[in-house]
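Next comes query.cif, with mmCIF, C-alpha atoms.
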data_protein
#
loop_
_atom_site.label_atom_id
_atom_site.label_comp_id
_atom_site.auth_asym_id
_atom_site.auth_seq_id
_atom_site.Cartn_x
_atom_site.Cartn_y
_atom_site.Cartn_z
CA MET B 1357 10.69 6.15 -20.49
CA THR B 1358 8.24 7.65 -22.98
CA ARG B 1359 5.85 10.14 -21.42
CA VAL B 1360 2.51 10.48 -23.21
CA LEU B 1361 -0.67 12.49 -22.86
CA ILE B 1362 -3.59 10.12 -23.38
CA ASP B 1363 -6.46 12.05 -24.97
CA THR B 1364 -10.07 11.70 -23.83
CA ASP B 1365 -11.13 9.60 -26.82
CA ILE B 1366 -8.74 6.80 -25.87
CA ILE B 1367 -9.93 6.71 -22.26
CA LEU B 1368 -13.54 6.60 -23.47
CA ASP B 1369 -12.74 3.86 -26.00
CA PHE B 1370 -11.50 1.77 -23.09
CA PHE B 1371 -14.31 2.47 -20.62
CA PHE B 1372 -17.12 2.19 -23.19
CA ASP B 1373 -15.47 -0.76 -24.96
CA ARG B 1374 -15.88 1.06 -28.28
CA GLU B 1375 -14.94 -1.14 -31.19
CA PRO B 1376 -12.68 -1.29 -33.09
CA PHE B 1377 -10.68 1.02 -30.81
CA ALA B 1378 -11.06 -0.57 -27.37
CA GLU B 1379 -8.28 -3.13 -27.82
CA ASN B 1380 -5.60 -0.52 -28.57
CA ALA B 1381 -6.90 1.72 -25.79
CA ALA B 1382 -6.54 -1.23 -23.40
CA LYS B 1383 -3.00 -1.84 -24.68
CA ILE B 1384 -2.03 1.79 -24.04
CA LEU B 1385 -3.41 1.69 -20.49
CA SER B 1386 -1.72 -1.67 -19.94
CA LEU B 1387 1.61 -0.11 -20.94
CA CYS B 1388 0.96 2.56 -18.31
CA GLU B 1389 0.06 -0.02 -15.68
CA SER B 1390 3.21 -2.06 -16.39
CA GLU B 1391 5.23 1.19 -16.34
CA GLU B 1392 6.59 0.65 -19.86
CA ILE B 1393 5.35 4.16 -20.61
CA LYS B 1394 4.29 6.98 -18.33
CA GLY B 1395 0.77 8.05 -19.24
CA PHE B 1396 -0.78 11.37 -18.29
CA VAL B 1397 -4.25 12.87 -18.33
CA THR B 1398 -5.46 16.37 -17.44
CA PRO B 1399 -8.14 17.57 -15.03
CA VAL B 1400 -10.29 18.36 -18.09
CA ILE B 1401 -10.02 14.74 -19.27
CA ILE B 1402 -11.00 13.45 -15.82
CA SER B 1403 -13.97 15.80 -15.69
CA ASN B 1404 -15.16 14.93 -19.21
CA VAL B 1405 -14.78 11.20 -18.63
CA TYR B 1406 -16.70 11.49 -15.36
CA TYR B 1407 -19.51 13.38 -17.06
CA LEU B 1408 -19.81 10.90 -19.95
CA LEU B 1409 -19.52 7.74 -17.81
CA ARG B 1410 -22.07 9.19 -15.41
CA GLN B 1411 -24.67 9.07 -18.19
CA THR B 1412 -24.63 5.26 -17.98
CA ALA B 1413 -23.38 4.38 -14.49
CA LYS B 1414 -23.83 5.36 -10.84
CA HIS B 1415 -21.53 7.96 -9.28
CA GLU B 1416 -19.78 5.37 -7.07
CA LYS B 1417 -18.97 3.12 -10.05
CA VAL B 1418 -17.63 6.04 -12.10
CA ILE B 1419 -15.47 7.21 -9.19
CA GLU B 1420 -14.09 3.67 -8.87
CA LYS B 1421 -13.08 3.70 -12.55
CA LEU B 1422 -11.49 7.14 -12.27
CA LYS B 1423 -9.52 6.08 -9.19
CA LEU B 1424 -8.15 3.17 -11.20
CA LEU B 1425 -7.25 5.50 -14.06
CA VAL B 1426 -5.35 7.97 -11.86
CA SER B 1427 -3.59 5.11 -10.09
CA ILE B 1428 -1.80 4.27 -13.38
CA THR B 1429 -1.43 7.78 -14.85
CA GLY B 1430 -0.09 11.13 -13.83
CA VAL B 1431 -2.21 14.28 -13.98
CA LEU B 1432 -0.81 17.31 -15.78
CA VAL B 1433 -1.36 20.85 -14.54
CA THR B 1434 -3.93 23.04 -16.25
CA ASP B 1435 -3.29 26.50 -14.86
CA LYS B 1436 -4.01 30.07 -15.93
CA ASP B 1437 -1.03 30.14 -18.32
CA VAL B 1438 -2.33 27.00 -20.07
CA ILE B 1439 -5.83 28.49 -20.31
CA VAL B 1440 -4.57 31.81 -21.71
CA ARG B 1441 -2.40 30.00 -24.28
CA ALA B 1442 -5.40 27.84 -25.27
CA LEU B 1443 -7.67 30.88 -25.58
CA ASN B 1444 -5.15 32.61 -27.84
CA SER B 1445 -4.30 29.57 -29.93
CA GLU B 1446 -5.16 28.50 -33.46
CA PHE B 1447 -6.82 25.32 -32.18
CA LYS B 1448 -10.39 24.94 -33.45
CA ASP B 1449 -11.40 22.97 -30.33
CA PHE B 1450 -10.81 24.64 -26.95
CA GLU B 1451 -10.65 21.32 -25.09
CA ASP B 1452 -7.91 20.05 -27.42
CA ALA B 1453 -6.04 23.31 -26.91
CA LEU B 1454 -6.20 22.83 -23.13
CA GLN B 1455 -4.85 19.27 -23.46
CA ASN B 1456 -2.09 20.38 -25.80
CA TYR B 1457 -0.85 23.30 -23.72
CA SER B 1458 -1.03 21.27 -20.50
CA ALA B 1459 1.26 18.76 -22.21
CA GLU B 1460 3.56 21.40 -23.71
CA SER B 1461 3.84 23.24 -20.38
CA ASP B 1462 4.96 20.06 -18.65
CA GLN B 1463 8.10 20.14 -20.86
CA GLU B 1464 8.67 16.41 -20.40
CA ILE B 1465 5.79 15.00 -22.44
CA ASP B 1466 7.10 13.21 -25.53
CA LEU B 1467 3.87 12.83 -27.45
CA ILE B 1468 0.11 13.08 -27.50
CA LEU B 1469 -1.85 9.89 -28.14
CA THR B 1470 -5.22 10.54 -29.77
CA ARG B 1471 -7.42 9.06 -32.45
CA ASN B 1472 -7.99 12.59 -33.79
CA THR B 1473 -4.47 13.58 -34.83
CA LYS B 1474 -5.77 16.34 -37.14
CA ASP B 1475 -7.15 18.12 -34.06
CA PHE B 1476 -3.56 18.57 -32.85
CA LYS B 1477 -2.00 19.76 -36.11
CA ASN B 1478 -0.93 22.98 -34.34
CA SER B 1479 0.89 21.12 -31.58
CA LEU B 1480 4.63 21.43 -31.08
CA LEU B 1481 4.60 17.87 -29.74
CA ALA B 1482 4.59 14.61 -31.66
CA VAL B 1483 1.04 13.32 -32.14
CA MET B 1484 0.14 9.70 -32.90
CA THR B 1485 -2.79 7.34 -32.88
CA PRO B 1486 -2.71 4.42 -30.43
CA ASP B 1487 -2.58 2.05 -33.41
CA SER B 1488 0.53 3.73 -34.90
CA TYR B 1489 2.23 3.97 -31.52
CA ILE B 1490 1.62 0.29 -30.70
CA LYS B 1491 3.00 -0.76 -34.11
CA ILE B 1492 6.16 1.32 -33.62
CA LYS B 1493 6.56 0.19 -29.99
CA GLY B 1494 6.17 -3.44 -31.09
CA ALA B 1495 8.81 -2.99 -33.78
CA SER B 1496 11.27 -1.61 -31.22
CA HIS B 1497 11.00 -4.67 -28.96
#
Go through the file and emit its structure as structure tokens.
Amino acid sequence: MTRVLIDTDIILDFFFDREPFAENAAKILSLCESEEIKGFVTPVIISNVYYLLRQTAKHEKVIEKLKLLVSITGVLVTDKDVIVRALNSEFKDFEDALQNYSAESDQEIDLILTRNTKDFKNSLLAVMTPDSYIKIKGASH
């Protein structure tokens, strides 16, 4: 089974119904829910999503959404080693570096799904957009 890190932008596309990206974000999360892929997030993603959803919804509603998210995804570890690697990396965005090194440290993540593939050009992992991944996955069925 493919194991993927789902970047913050995809989660936000789903929760905020951001067009034209929401449909593919929903497809990715649906693949996680049906256990066709194993999706992962990080504590940083959960925290960022909470913060951004909280701008438009009550705490209880946001918590409900996050509980649903973690019920269909795993959560990768972001420890001191990950933070030190991120701090010393060539990544221009510290948050992206944290996501990347959390995924790399897991050693079983196959790819990172993000709409901002250029942000992960320094990754040792495969990086794809949800659109590209869905097209390839569809072709393999």
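For the choices B:Lys1423, B:Thr1485, B:Val1400, B:Val1431, the atom-to-atom distance to Phe1450 of chain B is smallest for B:Val1400 when using all atoms listed in the file.
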Subject >> Evaluate the PyMOL selection byres ((chain B and resi 1455) around 9) and report residues as a PyMOL selection string >> reply: chain B and resi 1361+1363+1397-1398+1400-1401+1432+1434+1438+1442+1450-1454+1456-1460+1468
Suppose we keep C-alpha atoms; can you now write the selection as a compact mmCIF listing (two decimals), keeping the file's coordinate frame?
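Result file is part-v9.txt:
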# COMPACT_ATOMS: atom_id res chain seq x y z
CA LEU B 1361 -0.67 12.49 -22.86
CA ASP B 1363 -6.46 12.05 -24.97
CA VAL B 1397 -4.25 12.87 -18.33
CA THR B 1398 -5.46 16.37 -17.44
CA VAL B 1400 -10.29 18.36 -18.09
CA ILE B 1401 -10.02 14.74 -19.27
CA LEU B 1432 -0.81 17.31 -15.78
CA THR B 1434 -3.93 23.04 -16.25
CA VAL B 1438 -2.33 27.00 -20.07
CA ALA B 1442 -5.40 27.84 -25.27
CA PHE B 1450 -10.81 24.64 -26.95
CA GLU B 1451 -10.65 21.32 -25.09
CA ASP B 1452 -7.91 20.05 -27.42
CA ALA B 1453 -6.04 23.31 -26.91
CA LEU B 1454 -6.20 22.83 -23.13
CA ASN B 1456 -2.09 20.38 -25.80
CA TYR B 1457 -0.85 23.30 -23.72
CA SER B 1458 -1.03 21.27 -20.50
CA ALA B 1459 1.26 18.76 -22.21
CA GLU B 1460 3.56 21.40 -23.71
CA ILE B 1468 0.11 13.08 -27.50
Original post:
atom CA of Leu1368 of chain B and atom CA of Gly1494 of chain B, how far apart in Å?
Top reply: 23.4 Å
**OP:** Return the single residue from B:Ile1367, B:Ala1382, B:Ile1492, B:Cys1388 that is closest to Thr1429 of chain B, with distances computed using only C-alpha atoms.
**Re:** B:Cys1388
**OP:** Give as JSON, numbers by chain each residue that has an atom at most 10 Å from (-9.2, 14.5, -33.3) in the file, counting all atoms listed in the file.
**Re:** {"B": [1363, 1364, 1365, 1449, 1452, 1470, 1471, 1472, 1473, 1474, 1475, 1476, 1477, 1485]}
